[in-house]
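S.K.: So here's target.pdb, just PDB, C-alpha atoms, pLDDT in the B column:
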ATOM      1  CA  MET A 260     132.930  38.023-195.111  1.00 70.00           C
ATOM      2  CA  LYS A 261     133.575  40.526-192.345  1.00 85.00           C
ATOM      3  CA  HIS A 262     134.940  43.912-193.478  1.00 94.00           C
ATOM      4  CA  PRO A 263     138.485  44.615-192.170  1.00 96.00           C
ATOM      5  CA  ILE A 264     137.261  47.710-190.323  1.00 97.00           C
ATOM      6  CA  TRP A 265     135.688  45.456-187.692  1.00 97.00           C
ATOM      7  CA  THR A 266     139.094  43.933-186.897  1.00 97.00           C
ATOM      8  CA  THR A 267     140.569  47.441-186.632  1.00 98.00           C
ATOM      9  CA  ILE A 268     137.762  48.412-184.261  1.00 98.00           C
ATOM     10  CA  GLU A 269     138.316  45.305-182.127  1.00 98.00           C
ATOM     11  CA  GLU A 270     142.054  46.096-181.960  1.00 98.00           C
ATOM     12  CA  LEU A 271     141.355  49.710-180.982  1.00 98.00           C
ATOM     13  CA  VAL A 272     138.920  48.682-178.247  1.00 98.00           C
ATOM     14  CA  ALA A 273     141.457  46.153-176.908  1.00 98.00           C
ATOM     15  CA  LEU A 274     144.189  48.792-176.935  1.00 98.00           C
ATOM     16  CA  VAL A 275     142.119  51.202-174.859  1.00 97.00           C
ATOM     17  CA  GLU A 276     140.925  48.484-172.480  1.00 96.00           C
ATOM     18  CA  GLN A 277     144.222  46.628-172.006  1.00 97.00           C
ATOM     19  CA  GLY A 278     147.033  48.825-173.323  1.00 97.00           C
ATOM     20  CA  ARG A 279     150.457  47.610-174.357  1.00 95.00           C
ATOM     21  CA  SER A 280     153.659  47.451-172.316  1.00 93.00           C
ATOM     22  CA  THR A 281     154.507  51.165-172.406  1.00 96.00           C
ATOM     23  CA  VAL A 282     152.790  54.513-172.934  1.00 94.00           C
ATOM     24  CA  PRO A 283     154.820  55.237-176.117  1.00 95.00           C
ATOM     25  CA  GLU A 284     153.760  51.839-177.519  1.00 97.00           C
ATOM     26  CA  ASN A 285     150.128  52.672-176.727  1.00 97.00           C
ATOM     27  CA  GLU A 286     150.404  56.027-178.484  1.00 95.00           C
ATOM     28  CA  ARG A 287     152.130  54.574-181.578  1.00 97.00           C
ATOM     29  CA  ALA A 288     149.558  51.780-181.825  1.00 98.00           C
ATOM     30  CA  LEU A 289     146.728  54.283-181.410  1.00 98.00           C
ATOM     31  CA  ALA A 290     148.082  56.548-184.166  1.00 97.00           C
ATOM     32  CA  PHE A 291     148.342  53.549-186.507  1.00 98.00           C
ATOM     33  CA  LEU A 292     144.844  52.255-185.700  1.00 98.00           C
ATOM     34  CA  LEU A 293     143.254  55.705-186.087  1.00 98.00           C
ATOM     35  CA  ASP A 294     144.898  56.060-189.498  1.00 97.00           C
ATOM     36  CA  LYS A 295     143.576  52.629-190.533  1.00 98.00           C
ATOM     37  CA  LEU A 296     140.123  53.530-189.267  1.00 98.00           C
ATOM     38  CA  ALA A 297     140.146  56.851-191.128  1.00 97.00           C
ATOM     39  CA  TYR A 298     140.969  54.986-194.340  1.00 97.00           C
ATOM     40  CA  GLN A 299     138.644  52.018-193.889  1.00 98.00           C
ATOM     41  CA  ILE A 300     135.530  53.995-192.932  1.00 97.00           C
ATOM     42  CA  HIS A 301     135.218  55.192-196.525  1.00 95.00           C
ATOM     43  CA  ASP A 302     134.335  51.634-197.602  1.00 94.00           C
ATOM     44  CA  ILE A 303     131.357  51.603-195.244  1.00 93.00           C
ATOM     45  CA  HIS A 304     128.163  53.072-196.666  1.00 88.00           C
ATOM     46  CA  LEU A 305     124.745  53.568-195.179  1.00 81.00           C
ATOM     47  CA  PRO A 306     122.678  50.518-196.154  1.00 73.00           C
ATOM     48  CA  ASP A 307     119.788  51.269-198.514  1.00 75.00           C
ATOM     49  CA  ASP A 308     117.477  48.740-196.923  1.00 71.00           C
ATOM     50  CA  ILE A 309     117.896  49.517-193.236  1.00 68.00           C
ATOM     51  CA  ASP A 310     114.788  49.009-191.132  1.00 65.00           C
ATOM     52  CA  GLU A 311     113.631  52.466-190.019  1.00 59.00           C
ATOM     53  CA  LYS A 312     112.207  51.267-186.711  1.00 58.00           C
ATOM     54  CA  ASP A 313     114.306  51.614-183.600  1.00 59.00           C
ATOM     55  CA  PRO A 314     116.110  48.434-182.588  1.00 60.00           C
ATOM     56  CA  GLU A 315     114.538  46.524-179.737  1.00 70.00           C
ATOM     57  CA  GLU A 316     117.730  46.729-177.709  1.00 79.00           C
ATOM     58  CA  GLU A 317     120.288  49.505-177.459  1.00 85.00           C
ATOM     59  CA  PRO A 318     123.938  49.007-176.552  1.00 88.00           C
ATOM     60  CA  PRO A 319     125.027  49.941-173.037  1.00 85.00           C
ATOM     61  CA  ASP A 320     127.012  53.090-172.314  1.00 87.00           C
ATOM     62  CA  PHE A 321     130.656  52.037-172.542  1.00 88.00           C
ATOM     63  CA  TYR A 322     131.979  55.542-171.780  1.00 88.00           C
ATOM     64  CA  PRO A 323     132.590  55.392-167.989  1.00 89.00           C
ATOM     65  CA  ALA A 324     134.765  52.255-168.137  1.00 91.00           C
ATOM     66  CA  LEU A 325     136.485  53.530-171.279  1.00 92.00           C
ATOM     67  CA  HIS A 326     137.429  56.761-169.538  1.00 91.00           C
ATOM     68  CA  VAL A 327     139.073  54.922-166.629  1.00 93.00           C
ATOM     69  CA  ASN A 328     141.072  52.671-168.974  1.00 95.00           C
ATOM     70  CA  ALA A 329     141.986  55.496-171.364  1.00 94.00           C
ATOM     71  CA  GLU A 330     143.380  57.612-168.524  1.00 91.00           C
ATOM     72  CA  LYS A 331     145.442  54.631-167.354  1.00 94.00           C
ATOM     73  CA  HIS A 332     146.890  53.719-170.765  1.00 96.00           C
ATOM     74  CA  PHE A 333     147.173  57.238-172.238  1.00 94.00           C
ATOM     75  CA  PRO A 334     148.269  59.437-169.324  1.00 91.00           C
ATOM     76  CA  ARG A 335     149.754  62.139-171.565  1.00 87.00           C
ATOM     77  CA  PHE A 336     146.254  62.834-172.887  1.00 86.00           C
ATOM     78  CA  GLY A 337     145.446  64.396-169.567  1.00 69.00           C
ATOM     79  CA  SER A 338     142.226  64.561-167.688  1.00 46.00           C
ATOM     80  CA  CYS A 339     140.128  67.290-166.194  1.00 37.00           C
ATOM     81  CA  LYS A 340     142.599  67.347-163.293  1.00 38.00           C
ATOM     82  CA  ILE A 341     145.455  68.496-165.573  1.00 35.00           C
ATOM     83  CA  PRO A 342     145.814  72.188-166.479  1.00 37.00           C
ATOM     84  CA  ASP A 343     144.422  73.276-169.811  1.00 44.00           C
ATOM     85  CA  VAL A 344     147.202  73.312-172.424  1.00 44.00           C
ATOM     86  CA  ARG A 345     146.256  74.310-175.972  1.00 47.00           C
ATOM     87  CA  TYR A 346     147.584  71.919-178.565  1.00 47.00           C
ATOM     88  CA  ALA A 347     145.873  71.950-181.920  1.00 48.00           C
ATOM     89  CA  ASN A 348     143.576  73.784-184.267  1.00 50.00           C
ATOM     90  CA  CYS A 349     140.832  71.495-185.510  1.00 52.00           C
ATOM     91  CA  GLY A 350     140.036  73.352-188.707  1.00 52.00           C
ATOM     92  CA  ASP A 351     137.295  75.621-187.439  1.00 54.00           C
ATOM     93  CA  GLY A 352     139.645  78.112-185.806  1.00 54.00           C
ATOM     94  CA  SER A 353     139.153  76.730-182.309  1.00 55.00           C
ATOM     95  CA  SER A 354     141.874  75.139-180.242  1.00 54.00           C
ATOM     96  CA  ILE A 355     141.367  72.043-178.171  1.00 50.00           C
ATOM     97  CA  SER A 356     143.058  71.243-174.913  1.00 50.00           C
ATOM     98  CA  ARG A 357     144.649  68.205-173.322  1.00 52.00           C
ATOM     99  CA  PRO A 358     141.569  67.287-171.306  1.00 58.00           C
ATOM    100  CA  GLU A 359     139.687  67.043-174.574  1.00 79.00           C
ATOM    101  CA  ALA A 360     142.133  64.491-176.021  1.00 87.00           C
ATOM    102  CA  ILE A 361     140.969  61.882-173.527  1.00 90.00           C
ATOM    103  CA  ASN A 362     137.388  62.821-174.363  1.00 90.00           C
ATOM    104  CA  ASP A 363     138.087  62.478-178.104  1.00 92.00           C
ATOM    105  CA  LEU A 364     139.424  58.966-177.584  1.00 95.00           C
ATOM    106  CA  CYS A 365     136.500  57.923-175.382  1.00 95.00           C
ATOM    107  CA  GLU A 366     133.893  59.421-177.723  1.00 94.00           C
ATOM    108  CA  ILE A 367     135.367  57.556-180.700  1.00 97.00           C
ATOM    109  CA  VAL A 368     135.667  54.215-178.952  1.00 97.00           C
ATOM    110  CA  ASN A 369     132.256  54.501-177.282  1.00 96.00           C
ATOM    111  CA  ASP A 370     130.602  54.911-180.704  1.00 96.00           C
ATOM    112  CA  LEU A 371     132.704  52.106-182.182  1.00 97.00           C
ATOM    113  CA  GLU A 372     131.805  49.755-179.349  1.00 96.00           C
ATOM    114  CA  GLY A 373     128.144  50.591-179.876  1.00 95.00           C
ATOM    115  CA  ALA A 374     128.381  49.573-183.536  1.00 95.00           C
ATOM    116  CA  LEU A 375     130.406  46.482-182.631  1.00 96.00           C
ATOM    117  CA  TRP A 376     127.708  45.559-180.117  1.00 95.00           C
ATOM    118  CA  TYR A 377     125.187  45.216-182.985  1.00 93.00           C
ATOM    119  CA  LEU A 378     127.668  43.205-185.058  1.00 95.00           C
ATOM    120  CA  THR A 379     128.292  40.707-182.253  1.00 94.00           C
ATOM    121  CA  ARG A 380     124.532  40.141-182.042  1.00 92.00           C
ATOM    122  CA  GLY A 381     124.353  39.243-185.731  1.00 90.00           C
ATOM    123  CA  ASN A 382     122.796  42.502-186.865  1.00 88.00           C
ATOM    124  CA  ASP A 383     125.299  43.371-189.611  1.00 89.00           C
ATOM    125  CA  LYS A 384     123.123  45.986-191.322  1.00 88.00           C
ATOM    126  CA  GLU A 385     122.368  47.834-188.099  1.00 89.00           C
ATOM    127  CA  ALA A 386     126.067  47.681-187.158  1.00 92.00           C
ATOM    128  CA  ALA A 387     127.128  49.189-190.504  1.00 93.00           C
ATOM    129  CA  PHE A 388     124.375  51.792-190.252  1.00 92.00           C
ATOM    130  CA  LYS A 389     125.373  52.828-186.708  1.00 93.00           C
ATOM    131  CA  LEU A 390     129.059  52.852-187.615  1.00 96.00           C
ATOM    132  CA  ARG A 391     128.691  55.067-190.665  1.00 95.00           C
ATOM    133  CA  LEU A 392     126.024  57.338-189.211  1.00 94.00           C
ATOM    134  CA  SER A 393     127.999  57.905-186.010  1.00 95.00           C
ATOM    135  CA  TYR A 394     131.104  58.691-188.074  1.00 97.00           C
ATOM    136  CA  ASP A 395     129.233  61.179-190.266  1.00 95.00           C
ATOM    137  CA  THR A 396     127.497  62.894-187.362  1.00 94.00           C
ATOM    138  CA  HIS A 397     129.867  62.551-184.413  1.00 93.00           C
ATOM    139  CA  TRP A 398     133.246  60.907-184.217  1.00 95.00           C
ATOM    140  CA  ALA A 399     134.862  62.051-187.489  1.00 94.00           C
ATOM    141  CA  GLN A 400     135.912  65.352-185.916  1.00 90.00           C
ATOM    142  CA  HIS A 401     137.067  63.610-182.728  1.00 91.00           C
ATOM    143  CA  LEU A 402     139.182  61.305-184.926  1.00 94.00           C
ATOM    144  CA  ARG A 403     140.848  64.159-186.813  1.00 91.00           C
ATOM    145  CA  CYS A 404     141.507  66.167-183.657  1.00 86.00           C
ATOM    146  CA  LEU A 405     143.035  63.172-181.919  1.00 89.00           C
ATOM    147  CA  GLN A 406     145.221  62.454-184.947  1.00 90.00           C
ATOM    148  CA  LEU A 407     146.478  66.053-184.780  1.00 85.00           C
ATOM    149  CA  TYR A 408     147.186  65.697-181.075  1.00 85.00           C
ATOM    150  CA  LEU A 409     149.156  62.496-181.601  1.00 87.00           C
ATOM    151  CA  THR A 410     151.186  64.276-184.283  1.00 85.00           C
ATOM    152  CA  TYR A 411     151.828  67.085-181.819  1.00 78.00           C
ATOM    153  CA  LEU A 412     153.019  64.616-179.171  1.00 79.00           C
ATOM    154  CA  GLY A 413     155.446  63.133-181.714  1.00 75.00           C
TER     155      GLY A 413
END
Give the structure from the file, written as structure tokens.

M.R.:
Amino acid sequence: MKHPIWTTIEELVALVEQGRSTVPENERALAFLLDKLAYQIHDIHLPDDIDEKDPEEEPPDFYPALHVNAEKHFPRFGSCKIPDVRYANCGDGSSISRPEAINDLCEIVNDLEGALWYLTRGNDKEAAFKLRLSYDTHWAQHLRCLQLYLTYLG
């Protein structure tokens, strides 16, 4: 049986790619899905019996298309064209700016799509491994920073 996190990931990817009817709906849905993801990731553990060799195929880079769609559906997140406005402290004393919010979203979803790519090819263990490893080493901080930003936006 498929873990519920995969449905959350599919919903998050669809939200970034297609959006909802309004920007506030997109932002509310994103906050909800990020909270679900933050909760569900703790049920995913690195498999003990993962094959140490590199997979024969690697997922494509989803980032460029994600960035275009994210800017369209989350315009308040800004882009590099919008002036730098400090919005949150991410726990290490540094502040992050609006242009980084769009980057946070794209970094998270790019990693999630990479893991989902393995799942859709029937490689459940590799998908779980990539999902958990990428969370532990990369997108956990992006997730928390983006959650703070969404709280700031209200």

S.K.: Of the candidates A:Leu271, A:Val327, A:Leu405, A:Val282, which shows the shortest atom-to-atom distance to A:Leu375, using all atoms listed in the file?

M.R.: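 Nearest to A:Leu375: A:Leu271.
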
S.K.: Spell out the residues picked by the PyMOL selection byres ((chain A and resi 390-392) around 7) here, as a ChimeraX atom specification.

M.R.: /A:303-305,371,374,386-389,393-396

S.K.: Given the file shown, determine the residues that the PyMOL selection byres ((chain A and resi 292) around 12) selects; report them as an MDAnalysis selection string.

M.R.: chainID A and resid 263:275 285:291 293:300 364 367:368 402 405:406 409

S.K.: Could the residues in this selection be written to a file with C-alpha atoms, as a PDB file, keeping the file's coordinate frame?

M.R.:
ATOM      1  CA  PRO A 263     138.485  44.615-192.170  1.00 96.00           C
ATOM      2  CA  ILE A 264     137.261  47.710-190.323  1.00 97.00           C
ATOM      3  CA  TRP A 265     135.688  45.456-187.692  1.00 97.00           C
ATOM      4  CA  THR A 266     139.094  43.933-186.897  1.00 97.00           C
ATOM      5  CA  THR A 267     140.569  47.441-186.632  1.00 98.00           C
ATOM      6  CA  ILE A 268     137.762  48.412-184.261  1.00 98.00           C
ATOM      7  CA  GLU A 269     138.316  45.305-182.127  1.00 98.00           C
ATOM      8  CA  GLU A 270     142.054  46.096-181.960  1.00 98.00           C
ATOM      9  CA  LEU A 271     141.355  49.710-180.982  1.00 98.00           C
ATOM     10  CA  VAL A 272     138.920  48.682-178.247  1.00 98.00           C
ATOM     11  CA  ALA A 273     141.457  46.153-176.908  1.00 98.00           C
ATOM     12  CA  LEU A 274     144.189  48.792-176.935  1.00 98.00           C
ATOM     13  CA  VAL A 275     142.119  51.202-174.859  1.00 97.00           C
ATOM     14  CA  ASN A 285     150.128  52.672-176.727  1.00 97.00           C
ATOM     15  CA  GLU A 286     150.404  56.027-178.484  1.00 95.00           C
ATOM     16  CA  ARG A 287     152.130  54.574-181.578  1.00 97.00           C
ATOM     17  CA  ALA A 288     149.558  51.780-181.825  1.00 98.00           C
ATOM     18  CA  LEU A 289     146.728  54.283-181.410  1.00 98.00           C
ATOM     19  CA  ALA A 290     148.082  56.548-184.166  1.00 97.00           C
ATOM     20  CA  PHE A 291     148.342  53.549-186.507  1.00 98.00           C
ATOM     21  CA  LEU A 293     143.254  55.705-186.087  1.00 98.00           C
ATOM     22  CA  ASP A 294     144.898  56.060-189.498  1.00 97.00           C
ATOM     23  CA  LYS A 295     143.576  52.629-190.533  1.00 98.00           C
ATOM     24  CA  LEU A 296     140.123  53.530-189.267  1.00 98.00           C
ATOM     25  CA  ALA A 297     140.146  56.851-191.128  1.00 97.00           C
ATOM     26  CA  TYR A 298     140.969  54.986-194.340  1.00 97.00           C
ATOM     27  CA  GLN A 299     138.644  52.018-193.889  1.00 98.00           C
ATOM     28  CA  ILE A 300     135.530  53.995-192.932  1.00 97.00           C
ATOM     29  CA  LEU A 364     139.424  58.966-177.584  1.00 95.00           C
ATOM     30  CA  ILE A 367     135.367  57.556-180.700  1.00 97.00           C
ATOM     31  CA  VAL A 368     135.667  54.215-178.952  1.00 97.00           C
ATOM     32  CA  LEU A 402     139.182  61.305-184.926  1.00 94.00           C
ATOM     33  CA  LEU A 405     143.035  63.172-181.919  1.00 89.00           C
ATOM     34  CA  GLN A 406     145.221  62.454-184.947  1.00 90.00           C
ATOM     35  CA  LEU A 409     149.156  62.496-181.601  1.00 87.00           C
TER      36      LEU A 409
END

S.K.: Work out how far atom CA of A:Tyr411 is from atom CA of A:Asn362, in Å to one decimal.

M.R.: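 About the pair atom CA of A:Asn362 and atom CA of A:Tyr411: they are 16.8 Å apart.
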
S.K.: Do you have the atom CA of A:Leu325-atom CA of A:Cys365 distance handy?

M.R.: 6.0 Å

S.K.: With only C-alpha atoms as the basis for distance, which of A:Pro323, A:Thr379, A:His401, A:Gly373 is at the shortest distance from A:Ala360?

M.R.: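 Counting only C-alpha atoms, the residue closest to A:Ala360 is A:His401.
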
S.K.: Could you check how far atom CA of A:Ala329 sits from atom CA of A:Cys404, in Å to one decimal?

M.R.: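 These two atoms are separated by 16.3 Å.
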
S.K.: Let me make sure I understand: among A:Arg279, A:His262, A:Lys331, A:Glu385, which one has the smallest atom-to-atom distance to A:Pro306 if we use all atoms listed in the file?

M.R.: A:Glu385

S.K.: For A:Gln277, which residue among A:Asn369, A:Thr410, A:Asn328, A:Gln400 is the nearest when counting all atoms listed in the file?

M.R.: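 That would be A:Asn328, the residue with the smallest distance to A:Gln277.
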
S.K.: Quick one: what's the axis-aligned box for stretch 295-310 of chain A, all listed atoms, 5 Å on every side, centre and edges in Å to one decimal, as lines of an AutoDock Vina configuration file?

M.R.:
center_x = 129.2
center_y = 52.8
center_z = -193.9
size_x = 38.8
size_y = 18.1
size_z = 19.2

S.K.: For A:Phe333, which of A:Glu366, A:Ile361, A:Asn382, A:Glu315 is the closest residue, counting all atoms listed in the file?

M.R.: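 Looking only at the distances to A:Phe333, the closest residue turns out to be A:Ile361.
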
S.K.: Tell me which of A:Glu284, A:Lys261, A:Gly413, A:Asp363 sits closest to A:Asp383, counting all atoms listed in the file.

M.R.: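 Counting all atoms listed in the file, the residue closest to A:Asp383 is A:Lys261.
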